[in-house]
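Colleague: Structure supplied as structure_11.txt; contents: compact mmCIF, C-alpha atoms.
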# COMPACT_ATOMS: atom_id res chain seq x y z
CA MET W 1 115.87 97.77 115.89
CA ASN W 2 112.60 95.82 115.44
CA VAL W 3 111.36 98.60 113.17
CA GLN W 4 114.53 98.31 111.07
CA PHE W 5 114.11 94.52 110.77
CA LYS W 6 110.47 95.02 109.73
CA THR W 7 111.53 97.51 107.08
CA ALA W 8 114.09 95.02 105.76
CA GLU W 9 111.43 92.28 105.64
CA ILE W 10 109.11 94.51 103.65
CA LEU W 11 111.85 95.29 101.13
CA LEU W 12 112.79 91.61 100.80
CA ASP W 13 109.12 90.70 100.30
CA ALA W 14 108.93 93.25 97.49
CA LEU W 15 112.15 92.16 95.76
CA PRO W 16 110.77 89.28 93.62
CA PHE W 17 107.89 91.49 92.46
CA ILE W 18 110.28 94.30 91.55
CA LYS W 19 112.28 91.84 89.44
CA LYS W 20 109.10 90.43 87.89
CA PHE W 21 107.55 93.74 86.88
CA ARG W 22 110.65 95.61 85.77
CA GLY W 23 110.12 96.65 82.15
CA ASN W 24 106.39 95.89 82.29
CA ARG W 25 103.81 98.19 80.78
CA ILE W 26 100.97 98.85 83.21
CA VAL W 27 97.88 100.84 82.27
CA ILE W 28 96.22 102.49 85.27
CA LYS W 29 92.65 103.78 85.19
CA TYR W 30 92.71 106.65 87.68
CA GLY W 31 89.40 107.83 89.13
CA GLY W 32 87.14 108.03 92.16
CA SER W 33 88.34 109.30 95.53
CA ALA W 34 92.00 108.83 94.55
CA GLN W 35 91.47 111.57 91.98
CA ILE W 36 89.69 113.98 94.33
CA ASN W 37 91.11 113.57 97.84
CA PRO W 38 94.31 115.71 98.14
CA VAL W 39 96.07 113.17 100.39
CA LEU W 40 95.23 110.27 98.07
CA LYS W 41 96.36 112.30 95.05
CA GLU W 42 99.75 112.79 96.70
CA LYS W 43 100.04 109.08 97.56
CA PHE W 44 99.08 108.12 94.01
CA ALA W 45 101.78 110.40 92.59
CA GLN W 46 104.35 108.84 94.93
CA ASP W 47 103.31 105.36 93.82
CA ILE W 48 103.73 106.28 90.16
CA VAL W 49 107.15 107.85 90.82
CA LEU W 50 108.35 104.69 92.59
CA MET W 51 107.02 102.45 89.81
CA TYR W 52 108.80 104.60 87.24
CA MET W 53 112.08 104.59 89.19
CA LEU W 54 111.90 100.78 89.43
CA GLY W 55 111.79 100.48 85.65
CA ILE W 56 108.05 100.00 85.20
CA HIS W 57 106.29 101.89 82.38
CA PRO W 58 102.99 103.29 83.70
CA VAL W 59 100.38 104.72 81.35
CA ILE W 60 97.59 106.63 83.10
CA VAL W 61 94.03 107.04 81.83
CA HIS W 62 91.81 109.27 83.95
CA GLY W 63 88.13 110.02 84.24
CA GLY W 64 86.43 113.00 85.84
CA GLY W 65 82.70 112.40 85.99
CA LYS W 66 82.12 114.10 89.34
CA ARG W 67 83.94 117.25 88.27
CA ILE W 68 82.02 117.29 84.96
CA THR W 69 78.68 117.04 86.77
CA GLU W 70 79.72 119.78 89.16
CA MET W 71 80.71 122.10 86.33
CA LEU W 72 77.58 121.38 84.27
CA GLU W 73 75.41 122.21 87.28
CA LYS W 74 77.37 125.39 87.87
CA MET W 75 76.81 126.44 84.26
CA GLN W 76 73.16 125.32 84.41
CA ILE W 77 73.57 122.86 81.57
CA GLN W 78 71.22 119.89 81.81
CA SER W 79 72.79 116.45 82.04
CA ARG W 80 71.19 113.04 82.29
CA PHE W 81 72.17 109.38 82.30
CA VAL W 82 70.66 106.44 80.42
CA ASP W 83 71.71 102.89 81.35
CA GLY W 84 74.59 104.32 83.36
CA HIS W 85 75.98 106.35 80.43
CA ARG W 86 76.01 110.14 80.30
CA VAL W 87 74.00 111.59 77.42
CA THR W 88 76.39 114.24 76.12
CA SER W 89 74.79 117.14 74.26
CA ALA W 90 76.85 119.48 72.07
CA GLU W 91 76.65 122.12 74.80
CA ALA W 92 77.73 119.63 77.47
CA MET W 93 80.54 118.31 75.25
CA GLU W 94 82.30 121.68 75.41
CA VAL W 95 82.33 121.46 79.20
CA VAL W 96 83.35 117.78 79.20
CA GLU W 97 86.37 118.49 77.00
CA MET W 98 87.30 121.59 79.00
CA VAL W 99 87.21 119.65 82.30
CA LEU W 100 88.88 116.44 81.14
CA SER W 101 91.50 117.66 78.68
CA GLY W 102 91.96 121.21 79.87
CA GLU W 103 91.70 121.01 83.65
CA ILE W 104 92.17 117.50 85.05
CA ASN W 105 94.63 116.22 82.47
CA LYS W 106 97.04 119.13 82.63
CA GLU W 107 96.82 119.41 86.40
CA LEU W 108 97.67 115.72 86.76
CA ALA W 109 100.61 115.91 84.34
CA TYR W 110 101.97 118.94 86.17
CA PHE W 111 101.46 117.27 89.55
CA MET W 112 103.42 114.23 88.38
CA SER W 113 106.23 116.45 87.13
CA LEU W 114 106.40 118.21 90.50
CA ASN W 115 106.77 114.81 92.15
CA GLY W 116 109.80 113.84 90.13
CA VAL W 117 108.78 112.25 86.83
CA ASN W 118 108.32 113.67 83.36
CA ALA W 119 104.69 113.26 82.32
CA ILE W 120 102.85 114.39 79.21
CA GLY W 121 99.12 115.11 79.26
CA MET W 122 97.16 114.35 76.11
CA SER W 123 93.70 113.45 74.93
CA GLY W 124 92.58 110.73 72.58
CA LYS W 125 92.38 113.37 69.86
CA ASP W 126 96.11 114.11 70.00
CA SER W 127 98.09 112.43 67.19
CA ASN W 128 94.85 110.67 66.24
CA LEU W 129 95.34 108.31 69.19
CA LEU W 130 91.67 107.31 69.41
CA VAL W 131 89.06 107.34 66.66
CA ALA W 132 85.44 107.11 67.79
CA GLN W 133 81.88 106.89 66.56
CA PRO W 134 78.57 107.67 68.31
CA LYS W 135 77.69 105.00 70.86
CA ASP W 136 74.66 102.88 69.94
CA GLY W 137 73.99 104.92 66.82
CA GLY W 138 73.78 108.25 68.65
CA LYS W 139 71.48 107.20 71.50
CA PHE W 140 73.78 108.98 73.94
CA GLY W 141 74.48 112.11 71.90
CA LEU W 142 78.21 112.83 71.74
CA THR W 143 79.08 109.96 74.03
CA GLY W 144 81.11 107.68 71.80
CA GLU W 145 82.76 104.31 71.47
CA ILE W 146 86.25 103.59 70.21
CA VAL W 147 86.69 102.08 66.75
CA GLU W 148 90.47 102.57 66.32
CA CYS W 149 93.48 103.11 68.55
CA HIS W 150 96.75 104.32 67.03
CA SER W 151 99.38 103.86 69.70
CA GLU W 152 102.47 105.26 67.93
CA VAL W 153 102.55 108.40 70.06
CA ILE W 154 102.34 106.36 73.28
CA GLU W 155 105.15 104.11 72.08
CA ALA W 156 107.26 107.19 71.36
CA LEU W 157 106.60 108.66 74.80
CA ILE W 158 107.44 105.40 76.60
CA THR W 159 110.65 105.04 74.57
CA GLY W 160 111.52 108.62 75.49
CA GLY W 161 111.14 107.91 79.21
CA LEU W 162 107.89 109.86 79.60
CA ILE W 163 104.65 108.90 81.32
CA PRO W 164 101.56 109.39 79.11
CA ILE W 165 98.47 110.72 80.89
CA ILE W 166 95.40 110.33 78.69
CA SER W 167 92.00 111.99 78.96
CA PRO W 168 89.04 110.02 77.53
CA ILE W 169 88.17 112.42 74.72
CA SER W 170 88.23 111.23 71.13
CA GLY W 171 87.31 112.45 67.66
CA ASP W 172 86.01 111.04 64.41
CA ARG W 173 87.15 111.54 60.83
CA ARG W 174 84.86 114.57 60.42
CA GLY W 175 86.19 116.62 63.31
CA ASN W 176 83.53 115.78 65.91
CA SER W 177 84.58 115.27 69.53
CA TYR W 178 83.26 112.45 71.72
CA ASN W 179 83.10 111.73 75.42
CA ILE W 180 84.39 108.17 75.98
CA ASN W 181 84.10 105.94 79.04
CA ALA W 182 87.55 106.00 80.66
CA ASP W 183 87.44 102.25 81.38
CA ASP W 184 87.01 101.61 77.66
CA VAL W 185 89.91 103.93 76.87
CA ALA W 186 92.15 102.13 79.37
CA CYS W 187 91.35 98.78 77.74
CA ALA W 188 91.80 100.08 74.19
CA VAL W 189 95.18 101.57 75.06
CA ALA W 190 96.23 98.39 76.91
CA ARG W 191 95.39 96.28 73.87
CA ALA W 192 97.23 98.60 71.51
CA ILE W 193 100.48 98.78 73.50
CA LYS W 194 100.31 95.11 74.58
CA ALA W 195 100.24 96.02 78.26
CA ASP W 196 101.15 93.42 80.85
CA LYS W 197 98.58 94.64 83.37
CA VAL W 198 95.60 96.95 83.69
CA ILE W 199 94.71 98.31 87.12
CA PHE W 200 91.40 100.03 87.84
CA LEU W 201 91.38 102.33 90.88
CA THR W 202 87.83 102.41 92.26
CA ASP W 203 85.88 103.38 95.37
CA THR W 204 85.25 99.76 96.32
CA GLN W 205 87.41 97.01 97.84
CA GLY W 206 87.07 95.06 94.62
CA VAL W 207 84.46 92.47 93.69
CA LEU W 208 82.54 91.24 96.72
CA ASP W 209 80.61 87.98 97.07
CA GLN W 210 77.05 87.71 98.35
CA GLU W 211 78.30 87.80 101.94
CA GLY W 212 80.30 90.95 101.33
CA LYS W 213 83.66 89.18 101.30
CA LEU W 214 86.33 90.13 98.79
CA LEU W 215 86.78 87.81 95.82
CA GLU W 216 90.54 87.97 95.48
CA SER W 217 90.76 86.07 92.19
CA ILE W 218 88.15 85.62 89.45
CA ASP W 219 88.57 83.56 86.29
CA VAL W 220 86.99 85.05 83.16
CA ASN W 221 84.86 81.91 82.81
CA GLN W 222 83.16 82.76 86.13
CA VAL W 223 82.16 86.29 85.18
CA GLU W 224 78.80 85.72 83.46
CA ASP W 225 77.66 83.30 86.20
CA LEU W 226 78.56 85.89 88.85
CA ILE W 227 76.50 88.47 86.95
CA LEU W 228 73.52 86.12 86.70
CA GLN W 229 73.79 85.39 90.43
CA GLY W 230 73.76 89.12 91.20
CA VAL W 231 77.23 88.98 92.78
CA ILE W 232 78.44 91.40 90.11
CA SER W 233 75.85 94.12 89.57
CA GLY W 234 75.28 97.77 88.73
CA GLY W 235 78.28 99.79 87.66
CA MET W 236 80.63 96.87 88.29
CA ILE W 237 79.18 94.94 85.33
CA PRO W 238 80.62 97.14 82.53
CA LYS W 239 83.91 97.41 84.43
CA ILE W 240 84.22 93.62 84.72
CA ARG W 241 83.31 93.17 81.06
CA SER W 242 86.02 95.68 80.17
CA CYS W 243 88.41 93.50 82.18
CA VAL W 244 87.35 90.43 80.19
CA GLU W 245 87.93 92.29 76.92
CA CYS W 246 91.43 93.25 78.06
CA LEU W 247 92.29 89.66 78.90
CA SER W 248 90.85 88.41 75.60
CA ALA W 249 93.13 90.88 73.81
CA GLY W 250 96.26 89.50 75.45
CA VAL W 251 96.64 91.49 78.68
CA LYS W 252 98.01 89.05 81.24
CA LYS W 253 96.13 90.20 84.32
CA VAL W 254 93.60 92.85 85.32
CA HIS W 255 93.11 94.24 88.84
CA ILE W 256 90.27 96.16 90.47
CA ILE W 257 91.61 97.80 93.63
CA ASP W 258 90.43 100.25 96.28
CA GLY W 259 91.80 103.70 95.44
CA ARG W 260 90.67 104.94 98.87
CA VAL W 261 93.53 102.96 100.44
CA GLU W 262 96.78 104.90 100.61
CA HIS W 263 99.49 103.42 98.35
CA SER W 264 97.06 100.81 97.03
CA LEU W 265 99.08 100.51 93.81
CA LEU W 266 102.24 99.57 95.70
CA LEU W 267 100.35 97.16 97.94
CA GLU W 268 98.88 95.41 94.91
CA LEU W 269 102.10 95.19 92.94
CA PHE W 270 104.80 94.64 95.55
CA THR W 271 103.31 92.62 98.40
CA SER W 272 102.54 88.92 98.65
CA ASP W 273 98.94 89.46 99.74
CA GLY W 274 98.04 92.27 97.36
CA VAL W 275 94.76 94.15 97.60
CA GLY W 276 91.53 94.09 95.64
CA SER W 277 90.38 91.56 93.05
CA GLU W 278 92.35 90.14 90.16
CA ILE W 279 90.66 88.92 87.01
CA ILE W 280 92.65 86.25 85.19
CA LYS W 281 92.38 83.97 82.20
CA CYS W 282 93.45 80.44 83.08
Just give me the structure of the file as structure tokens.

Modeller:
Amino acid sequence: MNVQFKTAEILLDALPFIKKFRGNRIVIKYGGSAQINPVLKEKFAQDIVLMYMLGIHPVIVHGGGKRITEMLEKMQIQSRFVDGHRVTSAEAMEVVEMVLSGEINKELAYFMSLNGVNAIGMSGKDSNLLVAQPKDGGKFGLTGEIVECHSEVIEALITGGLIPIISPISGDRRGNSYNINADDVACAVARAIKADKVIFLTDTQGVLDQEGKLLESIDVNQVEDLILQGVISGGMIPKIRSCVECLSAGVKKVHIIDGRVEHSLLLELFTSDGVGSEIIKC
């Protein structure tokens, strides 16, 4: 009986959040262990199904850097990083597109469909969703940056009751393909569809202070000071700055959560305590 009461308490705790988020558009950047570990993949799919059944409109943007590196090594194609960004040669770009748009994207869409929701896999090249140019004038080869986002196809999919799953590949007006940072794609899509939230699944608890404690809430005005203090460092810096850009463009709240925790999406959305760090604009 105690277990039944506990279950009822959990459901009642979730009720106001279910009401609050019903009809919301939530962009989810899917990567890290949640994308690789079979158990976490299953839990992620279940979370998305529940969100969808509760009337939330999830839009998924995925990465795939580890799988790309693995495939490039297997094919003996050289790959290097500068300032944390992959330098994408023309030879590497073929592999990047094959892995992201051909393998990971379609597998994820199919996996979602098997778990009870209709999902459509696409890349930024489909329906001219994303238009890109070389990043920093070509310093990183065919690694690009987004200059336009045309969200009509996403709007049509959401209206049709489908979940868009987007790989971070884009093109330019001359037919060239570009490898785009998935965090940047998530933010560009969120801005274009006027998303209510963006959630980044990572392999960290969130943003930690100098004592290793989780910073549960960060105001955008604190971000640059935290970077100067070294609290935010390394690969977290571009992610946080992407969060700030999302908020500046009208997204209400951005979350960085630990994708290694089972059902982390549900814990963040539907519990009073939540998990991870939220970045807000007061």

Colleague: Rounded to one decimal place, report the atom CA of Ala182 of chain W-atom CA of His62 of chain W distance in Å.

Modeller: 6.3 Å

Colleague: Between W:Leu100, W:Asn181, W:Gln78, W:Lys106, single out the one closest to Lys135 of chain W, counting all atoms listed in the file.

Modeller: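 Comparing W:Leu100, W:Asn181, W:Gln78, W:Lys106 against Lys135 of chain W, the winner is W:Asn181.
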
Colleague: Counting all atoms listed in the file, which residue out of W:Phe111, W:Tyr178, W:Phe17, W:Phe81 sits closest to Lys43 of chain W?

Modeller: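 Nearest to Lys43 of chain W: W:Phe111.
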
Colleague: Give me the residues near Gly234 of chain W as a list in words, where near means some atom within 10 Å (using all atoms listed in the file) and where sequence neighbours in that chain fewer than 4 positions away do not count.

Modeller: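 Final neighbour list, sorted by chain and number: Asp83, Gly84, Ile227, Gly230, Pro238 and Lys239 of chain W.
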
Colleague: Restricting the calculation to only C-alpha atoms: of W:Arg22, W:Arg241, W:Lys29, W:Lys213, which residue gets closest to Pro168 of chain W?

Modeller: W:Lys29

Colleague: Identify which of the residues W:Ile199, W:Leu129, W:Val39, W:Leu247 lies closest to Leu266 of chain W, counting only C-alpha atoms when measuring atom-to-atom distances.

Modeller: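 Closest to Leu266 of chain W, using only C-alpha atoms: W:Ile199.
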
Colleague: Record the distance separating atom CA of Glu145 of chain W and atom CA of Asp184 of chain W, expressed in Å with one decimal.

Modeller: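 Interatomic distance here is 8.0 Å.
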
Colleague: Go through W:Ile180, W:Met71, W:Ala109, W:Ile18 one by one, measure the shortest atom-to-atom distance of each to Gln133 of chain W using all atoms listed in the file, and give the residue with the smallest value.

Modeller: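 Closest to Gln133 of chain W, using all atoms listed in the file: W:Ile180.
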
Colleague: As a PyMOL selection string, please: the residues near Ile166 of chain W (cut-off 7 Å, all atoms listed in the file, same-chain neighbours under 6 positions excluded).

Modeller: chain W and resi 60-62+121-124

Colleague: Restricting it to C-alpha atoms, dump the selection as a PDB file, in the coordinates of the input.

Modeller:
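Once written, result_11.pdb looks like this:
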ATOM      1  CA  ILE W  60      97.590 106.630  83.100  1.00  0.00           C
ATOM      2  CA  VAL W  61      94.030 107.040  81.830  1.00  0.00           C
ATOM      3  CA  HIS W  62      91.810 109.270  83.950  1.00  0.00           C
ATOM      4  CA  GLY W 121      99.120 115.110  79.260  1.00  0.00           C
ATOM      5  CA  MET W 122      97.160 114.350  76.110  1.00  0.00           C
ATOM      6  CA  SER W 123      93.700 113.450  74.930  1.00  0.00           C
ATOM      7  CA  GLY W 124      92.580 110.730  72.580  1.00  0.00           C
TER       8      GLY W 124
END

Colleague: Env of Ser217 of chain W: 8 Å cut, atoms = only C-alpha atoms, seq-sep filter 4 positions within chain, self excluded. Answer as a list in words.

Modeller: Ser277, Glu278, Ile279 and Ile280 of chain W

Colleague: Do you have the atom CA of Val131 of chain W-atom CA of Ser170 of chain W distance handy?

Modeller: 6.0 Å

Colleague: I'd like the contact shell of Gly23 of chain W - 7 Å cut-off, only C-alpha atoms, skipping same-chain residues fewer than 6 positions apart - returned as an MDAnalysis selection string.

Modeller: chainID W and resid 55:57

Colleague: So that I can check the surroundings of Lys281 of chain W, please list as a short mmCIF file (atom, residue, chain, number, x, y, z; two decimals) with C-alpha atoms, in the frame of the given file every protein, DNA and RNA residue that reaches within 8 Å of it, counting all atoms listed in the file and ignoring chain neighbours fewer than 4 positions away.

Modeller:
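What follows is the written file result04.cif:
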data_model
loop_
_atom_site.label_atom_id
_atom_site.label_comp_id
_atom_site.auth_asym_id
_atom_site.auth_seq_id
_atom_site.Cartn_x
_atom_site.Cartn_y
_atom_site.Cartn_z
CA ASP W 219 88.57 83.56 86.29
CA VAL W 220 86.99 85.05 83.16
CA ASN W 221 84.86 81.91 82.81
CA LEU W 247 92.29 89.66 78.90
CA LYS W 252 98.01 89.05 81.24
CA LYS W 253 96.13 90.20 84.32
#

Colleague: Measuring between all atoms listed in the file, which one of W:Ile77, W:Val251, W:Ile237, W:Leu142 shows the shortest distance to Ala190 of chain W?

Modeller: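 Once distances to Ala190 of chain W are computed over all atoms listed in the file, the minimum belongs to W:Val251.
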
Colleague: Which polymer residues, whether protein, DNA or RNA, lie within 12 Å of the coordinate (91.4, 86.9, 96.2) when you count only C-alpha atoms? List them as a short mmCIF file (atom, residue, chain, number, x, y, z; two decimals) with C-alpha atoms, keeping the file's coordinate frame, using the chain letters and numbers from the file.

Modeller:
data_model
loop_
_atom_site.label_atom_id
_atom_site.label_comp_id
_atom_site.auth_asym_id
_atom_site.auth_seq_id
_atom_site.Cartn_x
_atom_site.Cartn_y
_atom_site.Cartn_z
CA GLN W 205 87.41 97.01 97.84
CA GLY W 206 87.07 95.06 94.62
CA VAL W 207 84.46 92.47 93.69
CA LEU W 208 82.54 91.24 96.72
CA ASP W 209 80.61 87.98 97.07
CA LYS W 213 83.66 89.18 101.30
CA LEU W 214 86.33 90.13 98.79
CA LEU W 215 86.78 87.81 95.82
CA GLU W 216 90.54 87.97 95.48
CA SER W 217 90.76 86.07 92.19
CA ILE W 218 88.15 85.62 89.45
CA ASP W 219 88.57 83.56 86.29
CA HIS W 255 93.11 94.24 88.84
CA ILE W 256 90.27 96.16 90.47
CA ILE W 257 91.61 97.80 93.63
CA GLU W 268 98.88 95.41 94.91
CA SER W 272 102.54 88.92 98.65
CA ASP W 273 98.94 89.46 99.74
CA GLY W 274 98.04 92.27 97.36
CA VAL W 275 94.76 94.15 97.60
CA GLY W 276 91.53 94.09 95.64
CA SER W 277 90.38 91.56 93.05
CA GLU W 278 92.35 90.14 90.16
CA ILE W 279 90.66 88.92 87.01
CA ILE W 280 92.65 86.25 85.19
#
